[in-house]
Amino acid sequence: MAEGDVALRYVTADLGYRGRAVLRGVDFTVRDGETLALVGPNGAGKSTLIKAVLGMAEVVSGEVVARAPVGYVPQIDSLDADFPVSAADVVLMGRYRRIGWWRPTGRADRAAVRDALDRVGLADRARVRFGLLSGGQRQRVLVARAIAAEARLLLLDEPLNGVDATSQEAILRALGELTASGAALVVSTHDLNVAARIADQVCLLNGRQWAVGAPADVLTGDVLRQAYGGHAIDLPGGRALLVEP
Ligand SMILES: Nc1ncnc2c1ncn2[C@@H]1O[C@H](COP(=O)(O)OP(=O)(O)OP(=O)(O)O)[C@@H](O)[C@H]1O
């Protein structure tokens with residue numbers, strides 16, 4: 001298979017806040033049609049790596065080059081669920097970059113919203129208030145918003161965190177369709193089984209980039225033991241590993 005165009009590249013990047021790096025040595029490339037999974041313990045720097053693309057964290061040194069337009073799916077608990085809008089309204093926000101928020105929405109926008117909700121299995125929830133949906137359904141709406149935006153590079157921060165099994169499968173199916181259509185994805189996850197299942201590359205973080213490569217090369221006991229000092233982790237294939245500090 002021919003290699004896709006570069007969608008995202010980190011070049012020996014140190015990332016952080018107010019001039020202080022919290023994550024060092026990030027160095028990888030994601031191409032069209034590829035999924036890169038970000039894994040690592042709490043506080044490893046997964047969100048920071050994603051936020052550096054969006055200008056929400058600082059590139060202290062090195063370089064981060066992303067191809068626009070970028071879609072971002074934030075952690076669900078960072079949102080105000082009482083927001084008085086419907087699921088369809090939230091998805092429509094993904095179109096604002098294209099139509100300008102002050103312009104009336106057209107038929108094509110409404111069709112794009114319906115299609116995006118359908119792709120995450122929520123076509124029948126379009127008019128339901130966002131805050132009345134379950135956590136998993138809200139997460140699916142946010143994925144639909146990124147789909148409606150027609151972004152070619154999507155950054156998803158823990159999209160499966162606290163999500164029920166039905167929503168998890170709907171989200172993973174939608175992500176698979178996005179990469180099949182040529183989008184590049186970066187997905188952070190605590191779940192190494194999910195990483196092994198969806199990723200072409202896995203990037204293992206803990207304050208610095210410990211490893212990046214094919215899942216079979218990165219998700220090994222030896223590599224994980226080094227990066228996750230003092231944590232119990234679930235390995236792909238249902239095995240568990242207790243890591244001594
Ligand atoms: N706005 C901020 N200002 C300063 N430091 C921050 C800020 N946000 C995060 N950090 C610090 O950066 C480090 C990495 O945090 P980050 O949220 O990127 O990790 P994470 O891997 O996403 O963690 P989690 O899995 O718990 O969400 C942590 O030490 C955190 O305290």
# chains A, B, ... in the order shown; residues from 1 in each chain; ligands from 1
$ residues_near_ligand --ligand "ligand 1" --cutoff "12 Å" --atoms "only C-alpha atoms and all ligand atoms" --output "count of residues only"
53
$ residues_around --residues "Ala165 in chain A" --least-positions-apart "4" --cutoff "9 Å" --atoms "only C-alpha atoms" --output "VMD selection string"
chain A and resid 136 169 to 170
$ closest_residue --among "A:Gly121, A:Phe130, A:Leu54, A:Leu92" --to "Arg107 in chain A" --atoms "only C-alpha atoms"
A:Leu92
$ residues_around --residues "Leu155 in chain A" --least-positions-apart "5" --cutoff "7 Å" --atoms "only C-alpha atoms" --output "list in words"
Ile50, Gly71, Tyr72, Val73, Leu185, Val186 and Val187 of chain A
$ closest_residue --among "A:Val53, A:Val6, A:Val65, A:Arg197" --to "Gly176 in chain A" --atoms "only C-alpha atoms"
A:Arg197
$ atom_distance --atom1 "CA of Thr29 in chain A" --atom2 "CA of Leu8 in chain A"
5.8 Å
$ select_by_dssp --residues "chain A" --states "alpha helix (DSSP H)" --output "ChimeraX atom specification"
/A:46-54,87-93,96-99,107-119,135-148,165-180,192-198,215-218,221-227
